[in-house]
>>> print(open('my_file_22.json').read())   # JSON, C-alpha atoms
[["chain", "number", "residue", "atom", "x", "y", "z"],
["A", 134, "MET", "CA", -8.48, -7.84, -7.80],
["A", 135, "LEU", "CA", -10.47, -4.74, -8.66],
["A", 136, "GLU", "CA", -10.35, -3.29, -12.15],
["A", 137, "VAL", "CA", -9.47, 0.11, -13.63],
["A", 138, "GLY", "CA", -12.51, 2.39, -13.71],
["A", 139, "THR", "CA", -14.05, 0.86, -10.55],
["A", 140, "LYS", "CA", -14.91, 3.10, -7.59],
["A", 141, "ALA", "CA", -12.30, 2.38, -4.92],
["A", 142, "PRO", "CA", -13.95, 0.83, -1.84],
["A", 143, "ASP", "CA", -13.78, 3.25, 1.10],
["A", 144, "PHE", "CA", -12.40, 2.01, 4.41],
["A", 145, "THR", "CA", -11.43, 3.37, 7.80],
["A", 146, "LEU", "CA", -8.39, 1.84, 9.50],
["A", 147, "PRO", "CA", -6.02, 2.89, 12.30],
["A", 148, "ASP", "CA", -2.65, 4.42, 11.38],
["A", 149, "LYS", "CA", 0.63, 3.84, 13.23],
["A", 150, "GLU", "CA", -0.50, 6.23, 16.01],
["A", 151, "GLY", "CA", -3.94, 4.59, 16.28],
["A", 152, "ASN", "CA", -5.77, 7.46, 14.53],
["A", 153, "ALA", "CA", -8.67, 6.51, 12.24],
["A", 154, "VAL", "CA", -7.86, 7.20, 8.57],
["A", 155, "SER", "CA", -10.40, 6.82, 5.74],
["A", 156, "LEU", "CA", -9.67, 6.61, 2.04],
["A", 157, "SER", "CA", -12.39, 9.24, 1.52],
["A", 158, "ASP", "CA", -10.25, 11.70, 3.56],
["A", 159, "PHE", "CA", -8.07, 12.03, 0.45],
["A", 160, "LEU", "CA", -10.69, 12.82, -2.21],
["A", 161, "GLY", "CA", -9.22, 15.54, -4.44],
["A", 162, "LYS", "CA", -5.77, 13.92, -4.39],
["A", 163, "LYS", "CA", -4.33, 10.90, -6.16],
["A", 164, "VAL", "CA", -3.61, 8.03, -3.78],
["A", 165, "VAL", "CA", -1.05, 5.25, -4.12],
["A", 166, "LEU", "CA", -2.53, 2.41, -2.10],
["A", 167, "TYR", "CA", -0.05, -0.39, -1.69],
["A", 168, "PHE", "CA", -0.68, -3.69, 0.08],
["A", 169, "TYR", "CA", 2.22, -5.68, 1.46],
["A", 170, "PRO", "CA", 2.57, -8.93, 3.46],
["A", 171, "ARG", "CA", 4.48, -7.96, 6.65],
["A", 172, "ASP", "CA", 6.49, -5.28, 8.41],
["A", 173, "ASN", "CA", 10.24, -5.89, 8.76],
["A", 174, "THR", "CA", 10.52, -8.64, 6.15],
["A", 175, "PRO", "CA", 13.23, -8.12, 3.50],
["A", 176, "GLY", "CA", 10.96, -7.43, 0.50],
["A", 177, "CYS", "CA", 8.49, -5.29, 2.43],
["A", 178, "THR", "CA", 11.30, -3.27, 3.98],
["A", 179, "ARG", "CA", 12.88, -2.61, 0.56],
["A", 180, "GLN", "CA", 9.50, -1.60, -0.86],
["A", 181, "ALA", "CA", 8.73, 0.77, 2.05],
["A", 182, "CYS", "CA", 12.21, 2.31, 1.87],
["A", 183, "ALA", "CA", 11.83, 2.86, -1.89],
["A", 184, "PHE", "CA", 8.57, 4.75, -1.25],
["A", 185, "ALA", "CA", 10.31, 6.73, 1.53],
["A", 186, "GLN", "CA", 13.25, 7.64, -0.77],
["A", 187, "ASN", "CA", 10.82, 8.85, -3.44],
["A", 188, "TYR", "CA", 8.36, 10.47, -1.03],
["A", 189, "SER", "CA", 9.23, 14.07, -1.97],
["A", 190, "ALA", "CA", 8.56, 13.25, -5.65],
["A", 191, "PHE", "CA", 5.10, 11.94, -4.70],
["A", 192, "GLN", "CA", 4.48, 15.05, -2.58],
["A", 193, "GLU", "CA", 5.47, 17.33, -5.49],
["A", 194, "LYS", "CA", 2.78, 15.61, -7.57],
["A", 195, "ASN", "CA", 0.22, 15.99, -4.72],
["A", 196, "VAL", "CA", 0.03, 12.19, -4.38],
["A", 197, "VAL", "CA", -0.68, 10.49, -1.05],
["A", 198, "VAL", "CA", 1.12, 7.20, -0.31],
["A", 199, "ILE", "CA", -0.63, 4.65, 1.93],
["A", 200, "GLY", "CA", 0.76, 1.25, 2.86],
["A", 201, "ILE", "CA", -1.56, -1.43, 4.27],
["A", 202, "SER", "CA", -0.78, -4.75, 5.90],
["A", 203, "LYS", "CA", -2.42, -6.87, 8.58],
["A", 204, "ASP", "CA", 0.29, -5.97, 11.09],
["A", 205, "SER", "CA", -0.70, -4.26, 14.34],
["A", 206, "VAL", "CA", -0.60, -0.52, 15.01],
["A", 207, "ALA", "CA", 2.39, -1.10, 17.35],
["A", 208, "SER", "CA", 4.24, -3.06, 14.65],
["A", 209, "HIS", "CA", 3.63, -0.25, 12.12],
["A", 210, "LEU", "CA", 4.90, 2.36, 14.58],
["A", 211, "LYS", "CA", 8.17, 0.45, 15.15],
["A", 212, "PHE", "CA", 8.57, -0.23, 11.42],
["A", 213, "ALA", "CA", 8.00, 3.44, 10.53],
["A", 214, "GLN", "CA", 10.40, 4.66, 13.23],
["A", 215, "LYS", "CA", 13.11, 2.15, 12.38],
["A", 216, "TYR", "CA", 13.16, 3.07, 8.67],
["A", 217, "GLU", "CA", 11.97, 6.72, 8.95],
["A", 218, "LEU", "CA", 8.89, 6.10, 6.81],
["A", 219, "PRO", "CA", 7.15, 9.46, 6.21],
["A", 220, "PHE", "CA", 3.92, 8.13, 4.67],
["A", 221, "VAL", "CA", 0.72, 6.63, 6.09],
["A", 222, "LEU", "CA", 0.79, 3.00, 7.26],
["A", 223, "LEU", "CA", -2.58, 1.44, 8.07],
["A", 224, "SER", "CA", -3.25, -1.63, 10.17],
["A", 225, "ASP", "CA", -5.83, -4.09, 8.78],
["A", 226, "PRO", "CA", -5.80, -7.19, 11.05],
["A", 227, "GLU", "CA", -9.48, -7.90, 10.25],
["A", 228, "LEU", "CA", -8.66, -7.85, 6.48],
["A", 229, "GLN", "CA", -11.31, -5.17, 5.84],
["A", 230, "ALA", "CA", -9.47, -3.33, 3.03],
["A", 231, "ILE", "CA", -7.25, -6.30, 2.14],
["A", 232, "GLN", "CA", -10.30, -8.39, 1.15],
["A", 233, "ALA", "CA", -12.22, -5.45, -0.37],
["A", 234, "TYR", "CA", -9.31, -4.89, -2.78],
["A", 235, "GLY", "CA", -8.93, -8.59, -3.59],
["A", 236, "VAL", "CA", -5.33, -8.94, -2.43],
["A", 237, "TRP", "CA", -5.98, -11.78, 0.10],
["A", 238, "GLN", "CA", -5.13, -14.71, -2.11],
["A", 239, "GLU", "CA", -3.72, -18.20, -2.14],
["A", 240, "LYS", "CA", 0.08, -18.16, -2.11],
["A", 241, "LYS", "CA", 2.58, -20.95, -2.64],
["A", 242, "LEU", "CA", 5.93, -20.99, -0.90],
["A", 243, "TYR", "CA", 8.22, -24.02, -1.14],
["A", 244, "GLY", "CA", 5.25, -26.12, -2.24],
["A", 245, "LYS", "CA", 3.18, -25.09, 0.79],
["A", 246, "VAL", "CA", -0.13, -23.37, 0.03],
["A", 247, "SER", "CA", -1.47, -20.70, 2.38],
["A", 248, "MET", "CA", -3.60, -17.56, 2.29],
["A", 249, "GLY", "CA", -1.86, -14.20, 2.47],
["A", 250, "VAL", "CA", -1.52, -10.69, 1.12],
["A", 251, "VAL", "CA", -0.24, -10.59, -2.45],
["A", 252, "ARG", "CA", 1.99, -7.51, -2.86],
["A", 253, "SER", "CA", -0.17, -5.25, -5.03],
["A", 254, "THR", "CA", -0.61, -1.54, -5.70],
["A", 255, "TYR", "CA", -3.56, 0.59, -6.78],
["A", 256, "LEU", "CA", -3.44, 4.16, -8.04],
["A", 257, "ILE", "CA", -6.69, 5.94, -7.20],
["A", 258, "ASN", "CA", -7.57, 9.22, -8.91],
["A", 259, "GLU", "CA", -8.86, 12.45, -7.35],
["A", 260, "GLN", "CA", -12.50, 11.29, -7.68],
["A", 261, "GLY", "CA", -11.87, 7.98, -5.88],
["A", 262, "ILE", "CA", -11.82, 5.86, -9.06],
["A", 263, "ILE", "CA", -9.14, 3.21, -9.62],
["A", 264, "GLU", "CA", -6.82, 4.54, -12.34],
["A", 265, "LYS", "CA", -4.16, 1.82, -12.38],
["A", 266, "VAL", "CA", -3.90, -1.71, -10.99],
["A", 267, "MET", "CA", -0.50, -3.30, -10.40],
["A", 268, "PRO", "CA", -0.80, -6.94, -9.24],
["A", 269, "LYS", "CA", 2.19, -8.87, -7.89],
["A", 270, "VAL", "CA", 4.58, -5.89, -7.92],
["A", 271, "LYS", "CA", 8.30, -6.14, -7.26],
["A", 272, "PRO", "CA", 9.34, -4.41, -4.03],
["A", 273, "ASP", "CA", 12.44, -2.74, -5.50],
["A", 274, "THR", "CA", 10.78, -1.14, -8.53],
["A", 275, "ASN", "CA", 7.18, -0.45, -7.40],
["A", 276, "ALA", "CA", 7.67, 3.21, -6.33],
["A", 277, "ALA", "CA", 9.72, 4.07, -9.47],
["A", 278, "GLU", "CA", 7.14, 2.42, -11.77],
["A", 279, "ILE", "CA", 4.35, 4.53, -10.29],
["A", 280, "LEU", "CA", 6.38, 7.74, -10.59],
["A", 281, "ALA", "CA", 7.18, 6.87, -14.23],
["A", 282, "TYR", "CA", 3.47, 6.29, -14.88],
["A", 283, "LEU", "CA", 2.54, 9.61, -13.21],
["A", 284, "ALA", "CA", 5.15, 11.37, -15.36],
["A", 285, "GLY", "CA", 3.54, 9.88, -18.48],
["A", 286, "GLU", "CA", 6.52, 7.65, -19.29]]
>>> encode(input="my_file_22.json", output="structure tokens")
Amino acid sequence: MLEVGTKAPDFTLPDKEGNAVSLSDFLGKKVVLYFYPRDNTPGCTRQACAFAQNYSAFQEKNVVVIGISKDSVASHLKFAQKYELPFVLLSDPELQAIQAYGVWQEKKLYGKVSMGVVRSTYLINEQGIIEKVMPKVKPDTNAAEILAYLAGE
């Protein structure tokens, strides 16, 4: 994973409508960049819904929320509609950003080893520098932890 103080790698990926979105589009704002394994799985749904419930608090702080997984644009659109997700979801099937941010890692589930996205979150400052790294976050508390950090708690 990348470290605090590192320039955040720029990327351009399609959003849930297929529009190209670049990280550099958000220079001048803080960005919560969260990586998650898959749309519509229990943990990922809880995490996305927690960000949605706290979205107005992020907006008040002028913070952009971006979720990235390797799901398709169509999958993201259905996921966002089903759970009324108001923030940006980006599709990364080629693992462009996922690998650049070091979240494509070996995972173990029931003794089986495979490669996958490790649920992780980066907070990127207004100049595009990584301010906070949160590896292996919990889906239920991730959004609240970031808001607490932004509030100086």
>>> closest_residue(input="my_file_22.json", among="A:Asp225, A:Glu217, A:Glu136, A:Glu264", to="A:Lys203", atoms="all atoms listed in the file")
A:Asp225
>>> atom_distance(input="my_file_22.json", atom1="atom CA of A:Ser202", atom2="atom CA of A:Tyr169")
5.4 Å
>>> atom_distance(input="my_file_22.json", atom1="atom CA of A:Val221", atom2="atom CA of A:Lys149")
7.7 Å
>>> closest_residue(input="my_file_22.json", among="A:Glu227, A:Asp158, A:Glu239, A:Asp204", to="A:Thr174", atoms="all atoms listed in the file")
A:Asp204
>>> atom_distance(input="my_file_22.json", atom1="atom CA of A:Ile199", atom2="atom CA of A:Phe168")
8.5 Å
>>> closest_residue(input="my_file_22.json", among="A:Lys162, A:Gly151, A:Thr254, A:Pro142", to="A:Gln232", atoms="all atoms listed in the file")
A:Pro142
>>> closest_atom_pairs(input="my_file_22.json", of="stretch 209-280 of chain A", to="stretch 177-192 of chain A", cutoff="8 Å", atoms="all atoms listed in the file", output="JSON lines")
{"residue": "A:Tyr216", "atom": "CA", "partner": "A:Cys182", "partner_atom": "CA", "distance": 6.9}
{"residue": "A:Glu217", "atom": "CA", "partner": "A:Ala185", "partner_atom": "CA", "distance": 7.6}
{"residue": "A:Leu218", "atom": "CA", "partner": "A:Ala185", "partner_atom": "CA", "distance": 5.5}
{"residue": "A:Pro219", "atom": "CA", "partner": "A:Ala185", "partner_atom": "CA", "distance": 6.3}
{"residue": "A:Phe220", "atom": "CA", "partner": "A:Ala185", "partner_atom": "CA", "distance": 7.3}
{"residue": "A:Lys271", "atom": "CA", "partner": "A:Gln180", "partner_atom": "CA", "distance": 7.9}
{"residue": "A:Pro272", "atom": "CA", "partner": "A:Gln180", "partner_atom": "CA", "distance": 4.2}
{"residue": "A:Asp273", "atom": "CA", "partner": "A:Gln180", "partner_atom": "CA", "distance": 5.6}
{"residue": "A:Thr274", "atom": "CA", "partner": "A:Gln180", "partner_atom": "CA", "distance": 7.8}
{"residue": "A:Asn275", "atom": "CA", "partner": "A:Gln180", "partner_atom": "CA", "distance": 7.0}
{"residue": "A:Ala276", "atom": "CA", "partner": "A:Phe184", "partner_atom": "CA", "distance": 5.4}
{"residue": "A:Ala277", "atom": "CA", "partner": "A:Asn187", "partner_atom": "CA", "distance": 7.8}
{"residue": "A:Leu280", "atom": "CA", "partner": "A:Phe191", "partner_atom": "CA", "distance": 7.3}
>>> residues_near_point(input="my_file_22.json", point="(-6.7, 2.4, -13.1)", cutoff="6 Å", atoms="all atoms listed in the file", output="number ranges by chain")
A: 137-138, 263-266
>>> residues_near_point(input="my_file_22.json", point="(-8.2, 8.6, 3.5)", cutoff="10 Å", atoms="only C-alpha atoms", output="ChimeraX atom specification")
/A:143-146,153-160,162,164,197,199,221
>>> closest_residue(input="my_file_22.json", among="A:Leu166, A:Met267, A:Ile279, A:Leu135", to="A:Gly235", atoms="all atoms listed in the file")
A:Leu135
>>> decode(input="my_file_22.json", residues="stretch 186-217 of chain A", atoms="N, CA, C and O atoms", output="JSON list (two decimals), in the first residue's frame")
[["chain", "number", "residue", "atom", "x", "y", "z"],
["A", 186, "GLN", "N", -25.27, 7.29, 3.95],
["A", 186, "GLN", "CA", -25.94, 7.90, 5.11],
["A", 186, "GLN", "C", -25.18, 9.13, 5.62],
["A", 186, "GLN", "O", -25.78, 10.06, 6.15],
["A", 187, "ASN", "N", -23.86, 9.11, 5.47],
["A", 187, "ASN", "CA", -23.03, 10.22, 5.96],
["A", 187, "ASN", "C", -22.63, 11.19, 4.85],
["A", 187, "ASN", "O", -21.83, 12.08, 5.07],
["A", 188, "TYR", "N", -23.21, 11.03, 3.67],
["A", 188, "TYR", "CA", -22.79, 11.80, 2.50],
["A", 188, "TYR", "C", -22.90, 13.31, 2.72],
["A", 188, "TYR", "O", -22.01, 14.07, 2.36],
["A", 189, "SER", "N", -23.99, 13.76, 3.35],
["A", 189, "SER", "CA", -24.16, 15.21, 3.56],
["A", 189, "SER", "C", -23.06, 15.76, 4.48],
["A", 189, "SER", "O", -22.59, 16.88, 4.29],
["A", 190, "ALA", "N", -22.61, 14.96, 5.44],
["A", 190, "ALA", "CA", -21.51, 15.40, 6.32],
["A", 190, "ALA", "C", -20.21, 15.55, 5.52],
["A", 190, "ALA", "O", -19.44, 16.49, 5.75],
["A", 191, "PHE", "N", -19.98, 14.64, 4.58],
["A", 191, "PHE", "CA", -18.79, 14.78, 3.72],
["A", 191, "PHE", "C", -18.93, 16.02, 2.83],
["A", 191, "PHE", "O", -17.98, 16.76, 2.65],
["A", 192, "GLN", "N", -20.13, 16.24, 2.28],
["A", 192, "GLN", "CA", -20.36, 17.41, 1.43],
["A", 192, "GLN", "C", -20.13, 18.71, 2.19],
["A", 192, "GLN", "O", -19.53, 19.64, 1.66],
["A", 193, "GLU", "N", -20.59, 18.76, 3.44],
["A", 193, "GLU", "CA", -20.41, 19.97, 4.27],
["A", 193, "GLU", "C", -18.93, 20.28, 4.46],
["A", 193, "GLU", "O", -18.56, 21.44, 4.59],
["A", 194, "LYS", "N", -18.10, 19.25, 4.47],
["A", 194, "LYS", "CA", -16.65, 19.44, 4.64],
["A", 194, "LYS", "C", -15.94, 19.57, 3.29],
["A", 194, "LYS", "O", -14.72, 19.58, 3.24],
["A", 195, "ASN", "N", -16.72, 19.65, 2.19],
["A", 195, "ASN", "CA", -16.16, 19.78, 0.84],
["A", 195, "ASN", "C", -15.27, 18.59, 0.48],
["A", 195, "ASN", "O", -14.21, 18.74, -0.11],
["A", 196, "VAL", "N", -15.71, 17.38, 0.90],
["A", 196, "VAL", "CA", -14.95, 16.16, 0.67],
["A", 196, "VAL", "C", -15.69, 15.31, -0.37],
["A", 196, "VAL", "O", -16.90, 15.07, -0.24],
["A", 197, "VAL", "N", -14.97, 14.85, -1.37],
["A", 197, "VAL", "CA", -15.52, 13.99, -2.42],
["A", 197, "VAL", "C", -15.34, 12.53, -1.98],
["A", 197, "VAL", "O", -14.29, 12.17, -1.46],
["A", 198, "VAL", "N", -16.37, 11.72, -2.18],
["A", 198, "VAL", "CA", -16.29, 10.28, -1.87],
["A", 198, "VAL", "C", -16.30, 9.51, -3.18],
["A", 198, "VAL", "O", -17.18, 9.71, -4.02],
["A", 199, "ILE", "N", -15.29, 8.64, -3.35],
["A", 199, "ILE", "CA", -15.19, 7.81, -4.55],
["A", 199, "ILE", "C", -14.98, 6.36, -4.12],
["A", 199, "ILE", "O", -14.06, 6.06, -3.37],
["A", 200, "GLY", "N", -15.84, 5.47, -4.61],
["A", 200, "GLY", "CA", -15.69, 4.04, -4.38],
["A", 200, "GLY", "C", -15.20, 3.37, -5.65],
["A", 200, "GLY", "O", -15.69, 3.68, -6.74],
["A", 201, "ILE", "N", -14.23, 2.47, -5.52],
["A", 201, "ILE", "CA", -13.68, 1.76, -6.68],
["A", 201, "ILE", "C", -13.69, 0.26, -6.43],
["A", 201, "ILE", "O", -13.26, -0.20, -5.37],
["A", 202, "SER", "N", -14.18, -0.47, -7.42],
["A", 202, "SER", "CA", -14.06, -1.92, -7.43],
["A", 202, "SER", "C", -13.85, -2.36, -8.87],
["A", 202, "SER", "O", -13.91, -1.54, -9.79],
["A", 203, "LYS", "N", -13.63, -3.67, -9.07],
["A", 203, "LYS", "CA", -13.41, -4.13, -10.44],
["A", 203, "LYS", "C", -14.71, -4.53, -11.12],
["A", 203, "LYS", "O", -14.72, -5.06, -12.23],
["A", 204, "ASP", "N", -15.85, -4.21, -10.49],
["A", 204, "ASP", "CA", -17.14, -4.47, -11.11],
["A", 204, "ASP", "C", -17.34, -3.62, -12.37],
["A", 204, "ASP", "O", -16.72, -2.57, -12.51],
["A", 205, "SER", "N", -18.26, -4.06, -13.23],
["A", 205, "SER", "CA", -18.53, -3.34, -14.47],
["A", 205, "SER", "C", -19.32, -2.05, -14.21],
["A", 205, "SER", "O", -19.91, -1.87, -13.14],
["A", 206, "VAL", "N", -19.34, -1.19, -15.23],
["A", 206, "VAL", "CA", -20.14, 0.03, -15.18],
["A", 206, "VAL", "C", -21.61, -0.33, -14.93],
["A", 206, "VAL", "O", -22.27, 0.29, -14.09],
["A", 207, "ALA", "N", -22.12, -1.33, -15.62],
["A", 207, "ALA", "CA", -23.53, -1.74, -15.47],
["A", 207, "ALA", "C", -23.81, -2.22, -14.04],
["A", 207, "ALA", "O", -24.85, -1.89, -13.46],
["A", 208, "SER", "N", -22.88, -2.97, -13.46],
["A", 208, "SER", "CA", -23.04, -3.44, -12.09],
["A", 208, "SER", "C", -23.09, -2.26, -11.13],
["A", 208, "SER", "O", -23.93, -2.21, -10.22],
["A", 209, "HIS", "N", -22.19, -1.29, -11.33],
["A", 209, "HIS", "CA", -22.17, -0.09, -10.47],
["A", 209, "HIS", "C", -23.49, 0.68, -10.57],
["A", 209, "HIS", "O", -24.01, 1.17, -9.57],
["A", 210, "LEU", "N", -24.02, 0.80, -11.79],
["A", 210, "LEU", "CA", -25.26, 1.54, -11.98],
["A", 210, "LEU", "C", -26.39, 0.87, -11.19],
["A", 210, "LEU", "O", -27.13, 1.54, -10.46],
["A", 211, "LYS", "N", -26.52, -0.45, -11.30],
["A", 211, "LYS", "CA", -27.57, -1.18, -10.57],
["A", 211, "LYS", "C", -27.37, -1.06, -9.06],
["A", 211, "LYS", "O", -28.33, -0.86, -8.31],
["A", 212, "PHE", "N", -26.13, -1.19, -8.62],
["A", 212, "PHE", "CA", -25.79, -1.10, -7.19],
["A", 212, "PHE", "C", -26.16, 0.29, -6.65],
["A", 212, "PHE", "O", -26.81, 0.41, -5.60],
["A", 213, "ALA", "N", -25.78, 1.33, -7.39],
["A", 213, "ALA", "CA", -26.06, 2.71, -6.96],
["A", 213, "ALA", "C", -27.56, 2.99, -6.95],
["A", 213, "ALA", "O", -28.07, 3.64, -6.02],
["A", 214, "GLN", "N", -28.28, 2.49, -7.93],
["A", 214, "GLN", "CA", -29.74, 2.70, -7.98],
["A", 214, "GLN", "C", -30.44, 1.94, -6.85],
["A", 214, "GLN", "O", -31.31, 2.48, -6.18],
["A", 215, "LYS", "N", -30.04, 0.70, -6.65],
["A", 215, "LYS", "CA", -30.68, -0.15, -5.64],
["A", 215, "LYS", "C", -30.57, 0.45, -4.24],
["A", 215, "LYS", "O", -31.51, 0.41, -3.46],
["A", 216, "TYR", "N", -29.39, 1.02, -3.92],
["A", 216, "TYR", "CA", -29.15, 1.53, -2.57],
["A", 216, "TYR", "C", -29.10, 3.06, -2.51],
["A", 216, "TYR", "O", -28.71, 3.62, -1.49],
["A", 217, "GLU", "N", -29.47, 3.73, -3.60],
["A", 217, "GLU", "CA", -29.50, 5.20, -3.66],
["A", 217, "GLU", "C", -28.17, 5.79, -3.22],
["A", 217, "GLU", "O", -28.11, 6.64, -2.32]]
